[in-house]
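So the structure is just underneath, and the comments pick up after that.
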Amino acid sequence: MSRGIRGWIFSGLFGAALIGGVLMVSAEGNKKSFAEHVVELRALALASGISEKVLDGAFEGIEEDFSVIEKLENQPEHTNAVWDYIKRAASEDRIRQGRDKLDAYSGVLSKIEKKYNVDPAVLVAIWGLESSYGTNMGTDNAIRSLATLAAFGGRRAGFGKEQLIAALKILENGDVTPEGLTGSWAGAMGHTQFIPTTYLAHAVDFDGDGKRNIWGSVADALASTANYLRVSGWRPENVWGVEVTLPPDFDFSEAGYGQRKKVQEWAGLGVDAVAGAMLPDGDAETSLILPAGANGPRFLVTRNFRAILRYNNATAYALAIAHLADRLNDKGPIVQEWPLDEKPLGRSERAELQGLLNDVGFSPGGVDGIIGSATRKAVRQYQRSKQLPVDGYPSTKLLDMLRREANL
Ligand code: CA
């Protein structure tokens, strides 16, 4: 479906079917022009309580932006290794700049901490990763990007529509002018890259000028992020977690976000903080995670780590934020070694793994290249049947093993 969208955009642009710059005709038949989509989107916005005046201002001179669809189609299918991601995220340069920011904004950060009880280093880490401390917030007109996504975004059109209506509500509220409503091609905005629905629900005016300005006010942006983490379950008494060591006979089937225990229970299983660190105190719902499987670093994570996952639901992201925050707090690097010789599986390899698991009798749910809980369970069942560490991690070695088995 998504490939088809791109196909007809290009046939429209380069074929003979481009009429008046907006009407595109595909091989499959007539498609609505951007202008026709805008008429519909405006009607939807009106029904959602947006005024004609705001709509006129928002859509004035707005044309489709095909680069949005190109970027949608060209998102890298290949996953970066978690260690490469963390290395780039917590680079020496970003750590140094982050420490400068902690210093330069210490006054407002301590006020934010007093109100929201979120560790300032975590806020600065999110700021650093989301926009390189405000130097890369995205300059695309959000209405243009989101209207294009709503019109031509295929499977992402629903997201585009929802975010477009939310963006128009931001204009209706008067927090920002249409020219000031800028962001990434996908509509993430300001210093800490809020999407419009997150902005509407959680952005705050912290500097007291009456506007929630996540573009121009660092205080507003960081307080909004703190507010979002707090409503996502952040507990002030907790750290995010800690890197841990495991005893040699540890049962790796205990790992995963689904399994939550008290810290004392983990300690009873032989889980211990790495040298120089302490087990987190007070959180009754900690999980053991193995971001690169049994052969990589291990972490015990608290509800605060889950709050970071609400910001962006990827373990590599949350761990990068957590680790960068640790480094900003003068804690050391990750101690255990990553399995650098392991290449993470791409999407087609993950789908192949699922198909092969199915063939050998362990159902991974769907064969869609997405590793969910059903696939992890099937991986574990297979690992158990081969007397391997039961970490549920879809490694290249495991895929090779399944391939050999399939060829027997
Ligand atoms: Ca403000």
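Ordering of the structure tokens sets the chain letters (A, B, ...); residue numbers start at 1 within each chain; ligands are numbered from 1 in the order shown.
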**OP:** Give me every helix (DSSP H, G or I) residue in range 221-262 of chain A, going by DSSP on the backbone, as a PyMOL selection string.
**Re:** chain A and resi 221-231+252-254
Subject >> Within 12 Å of ligand 1 (only C-alpha atoms and all ligand atoms), residues as a list of chain:residue names >> reply: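 Checking only C-alpha atoms and all ligand atoms against ligand 1 at 12 Å gives A:Gly174, A:Asp175, A:Val176, A:Ala203, A:Val204, A:Asp205, A:Phe206, A:Asp207, A:Gly208, A:Asp209, A:Gly210, A:Lys211, A:Arg212, A:Asn213, A:Ile214, A:Trp215, A:Gly216, A:Ser217, A:Val218, A:Ala219, A:Asp220, A:Ala221, A:Leu222, A:Ala223, A:Ser224.
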Original post:
What's the 9 Å shell around Glu64 in chain A, counting only C-alpha atoms, without same-chain residues fewer than 4 positions away, as a PyMOL selection string?
Top reply: chain A and resi 22+34-35+68+144-145+147-149+151
Go ahead and save the picked residues with N, CA, C and O atoms, as a PDB file, in the first residue's frame.
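New file result17.pdb:
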```pdb
ATOM      1  N   VAL A  22      -1.711  20.336  -8.971  1.00  0.00           N
ATOM      2  CA  VAL A  22      -2.236  19.661  -7.780  1.00  0.00           C
ATOM      3  C   VAL A  22      -2.949  18.343  -8.085  1.00  0.00           C
ATOM      4  O   VAL A  22      -2.943  17.440  -7.270  1.00  0.00           O
ATOM      5  N   PHE A  34      -4.681  17.511  -3.591  1.00  0.00           N
ATOM      6  CA  PHE A  34      -4.415  18.043  -2.255  1.00  0.00           C
ATOM      7  C   PHE A  34      -5.494  19.057  -1.880  1.00  0.00           C
ATOM      8  O   PHE A  34      -6.014  19.048  -0.759  1.00  0.00           O
ATOM      9  N   ALA A  35      -5.850  19.922  -2.862  1.00  0.00           N
ATOM     10  CA  ALA A  35      -6.870  20.944  -2.581  1.00  0.00           C
ATOM     11  C   ALA A  35      -8.194  20.302  -2.163  1.00  0.00           C
ATOM     12  O   ALA A  35      -8.876  20.788  -1.251  1.00  0.00           O
ATOM     13  N   VAL A  68       7.581  14.895   2.568  1.00  0.00           N
ATOM     14  CA  VAL A  68       7.034  14.187   3.731  1.00  0.00           C
ATOM     15  C   VAL A  68       6.770  12.726   3.373  1.00  0.00           C
ATOM     16  O   VAL A  68       7.119  11.808   4.116  1.00  0.00           O
ATOM     17  N   ARG A 144       1.413  22.129   7.052  1.00  0.00           N
ATOM     18  CA  ARG A 144       1.714  21.610   5.717  1.00  0.00           C
ATOM     19  C   ARG A 144       2.109  20.132   5.788  1.00  0.00           C
ATOM     20  O   ARG A 144       1.599  19.288   5.043  1.00  0.00           O
ATOM     21  N   SER A 145       3.032  19.802   6.704  1.00  0.00           N
ATOM     22  CA  SER A 145       3.490  18.417   6.828  1.00  0.00           C
ATOM     23  C   SER A 145       2.329  17.485   7.185  1.00  0.00           C
ATOM     24  O   SER A 145       2.164  16.420   6.578  1.00  0.00           O
ATOM     25  N   ALA A 147      -0.965  17.981   6.978  1.00  0.00           N
ATOM     26  CA  ALA A 147      -2.026  17.906   5.968  1.00  0.00           C
ATOM     27  C   ALA A 147      -1.586  16.991   4.824  1.00  0.00           C
ATOM     28  O   ALA A 147      -2.388  16.218   4.282  1.00  0.00           O
ATOM     29  N   THR A 148      -0.305  17.039   4.463  1.00  0.00           N
ATOM     30  CA  THR A 148       0.204  16.139   3.421  1.00  0.00           C
ATOM     31  C   THR A 148       0.109  14.693   3.877  1.00  0.00           C
ATOM     32  O   THR A 148      -0.305  13.805   3.124  1.00  0.00           O
ATOM     33  N   LEU A 149       0.503  14.468   5.126  1.00  0.00           N
ATOM     34  CA  LEU A 149       0.425  13.116   5.685  1.00  0.00           C
ATOM     35  C   LEU A 149      -1.040  12.639   5.724  1.00  0.00           C
ATOM     36  O   LEU A 149      -1.344  11.493   5.380  1.00  0.00           O
ATOM     37  N   ALA A 151      -3.411  13.599   3.787  1.00  0.00           N
ATOM     38  CA  ALA A 151      -3.930  13.417   2.430  1.00  0.00           C
ATOM     39  C   ALA A 151      -3.326  12.202   1.736  1.00  0.00           C
ATOM     40  O   ALA A 151      -4.026  11.408   1.124  1.00  0.00           O
TER      41      ALA A 151
END
```
Original post:
Looking at A:Gly57, A:Gly293, A:Gly180, A:Gly49, which one is nearest to Val390 in chain A, with distances taken over only C-alpha atoms?
Top reply: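 Of the candidates, the smallest distance to Val390 in chain A is held by A:Gly293.
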**OP:** Write out as number ranges by chain the residues lying within 12 Å of Asp93 in chain A, counting only C-alpha atoms and excluding same-chain residues fewer than 3 positions away.
**Re:** A: 87-90, 96-100, 128-129, 132-133, 324, 327-328
**OP:** Considering only C-alpha atoms, state which residue in the set A:Val108, A:Ile321, A:Val274, A:Ala81 is at the smallest distance from Pro291 in chain A.
**Re:**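 Nearest candidate to Pro291 in chain A out of A:Val108, A:Ile321, A:Val274, A:Ala81: A:Ala81.
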Original post:
Contacts of Ala43 in chain A at 10 Å or less, counting only C-alpha atoms, minus same-chain residues fewer than 5 places along, as a PyMOL selection string?
Top reply: chain A and resi 37-38+48+50+52+55
Mind dumping the selected residues with N, CA and C atoms as a short mmCIF file (atom, residue, chain, number, x, y, z; two decimals), in the first residue's frame?
```cif
data_model
loop_
_atom_site.label_atom_id
_atom_site.label_comp_id
_atom_site.auth_asym_id
_atom_site.auth_seq_id
_atom_site.Cartn_x
_atom_site.Cartn_y
_atom_site.Cartn_z
N HIS A 37 -8.51 17.35 -0.74
CA HIS A 37 -8.29 16.84 0.62
C HIS A 37 -8.44 17.97 1.65
N VAL A 38 -7.88 19.14 1.30
CA VAL A 38 -7.92 20.26 2.25
C VAL A 38 -9.37 20.67 2.54
N SER A 48 -14.72 19.92 14.55
CA SER A 48 -13.99 19.71 15.80
C SER A 48 -13.84 21.00 16.60
N ILE A 50 -12.74 24.11 15.37
CA ILE A 50 -11.78 25.10 14.91
C ILE A 50 -12.53 26.19 14.13
N GLU A 52 -13.32 29.30 11.42
CA GLU A 52 -12.97 29.63 10.03
C GLU A 52 -11.74 30.53 9.98
N LEU A 55 -8.65 28.58 10.49
CA LEU A 55 -8.42 27.72 9.32
C LEU A 55 -7.89 28.51 8.13
#
```
Taking only C-alpha atoms into account, produce a table as CSV in which each residue of range 266-314 of chain A with an atom at most 12 Å from an atom of range 184-202 of chain A appears once, together with its shortest atom pair and the distance in Å to one decimal, ordered by chain and rising number.
```
residue,atom,partner,partner_atom,distance
A:Arg310,CA,A:Thr198,CA,10.9
A:Tyr311,CA,A:Phe194,CA,9.0
A:Asn312,CA,A:Phe194,CA,10.6
```
Subject >> Counting only C-alpha atoms, the residue of A:Ala45, A:Asp272, A:Tyr85, A:Pro394 that sits nearest Arg347 in chain A >> reply: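 For Arg347 in chain A, the nearest of the candidates is A:Pro394.
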**OP:** Please measure the separation of CA of Val39 in chain A and CA of Gly138 in chain A, giving the value in Å to one decimal.
**Re:**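 Spanning CA of Val39 in chain A to CA of Gly138 in chain A is a straight-line distance of 26.7 Å.
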Original post:
Could you pull out the strand (DSSP E or B) residues of range 193-337 of chain A from DSSP and send them as a ChimeraX atom specification?
Top reply: /A:194,241-245,261,272-273,286-289,298-301
Original post:
Quick one, how far is CA of Ala314 in chain A from CA of Thr79 in chain A?
Top reply: 11.6 Å
**OP:** Find the residues near Leu357 in chain A: any atom within 12 Å, counting only C-alpha atoms, skip ones fewer than 4 places away on the same chain, and give them as a PyMOL selection string.
**Re:** chain A and resi 350-353+361-367+374-383+385+394+398-403+405-406
**OP:** Using only C-alpha atoms, pick whichever of A:Gln75, A:Thr182, A:Asn173, A:Ser253 has the shortest atom-to-atom distance to Arg384 in chain A.
**Re:**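 Nearest candidate to Arg384 in chain A out of A:Gln75, A:Thr182, A:Asn173, A:Ser253: A:Ser253.
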Original post:
Using only C-alpha atoms, which residue out of A:Ser91, A:Lys111, A:Ser131, A:Ser51 lies closest to Ile170 in chain A?
Top reply: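 Nearest candidate to Ile170 in chain A out of A:Ser91, A:Lys111, A:Ser131, A:Ser51: A:Ser51.
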Original post:
Between A:Leu319, A:Ala157, A:Ile334, A:Leu168, which one has atoms that come closest to Leu46 in chain A, using only C-alpha atoms?
Top reply: A:Leu168
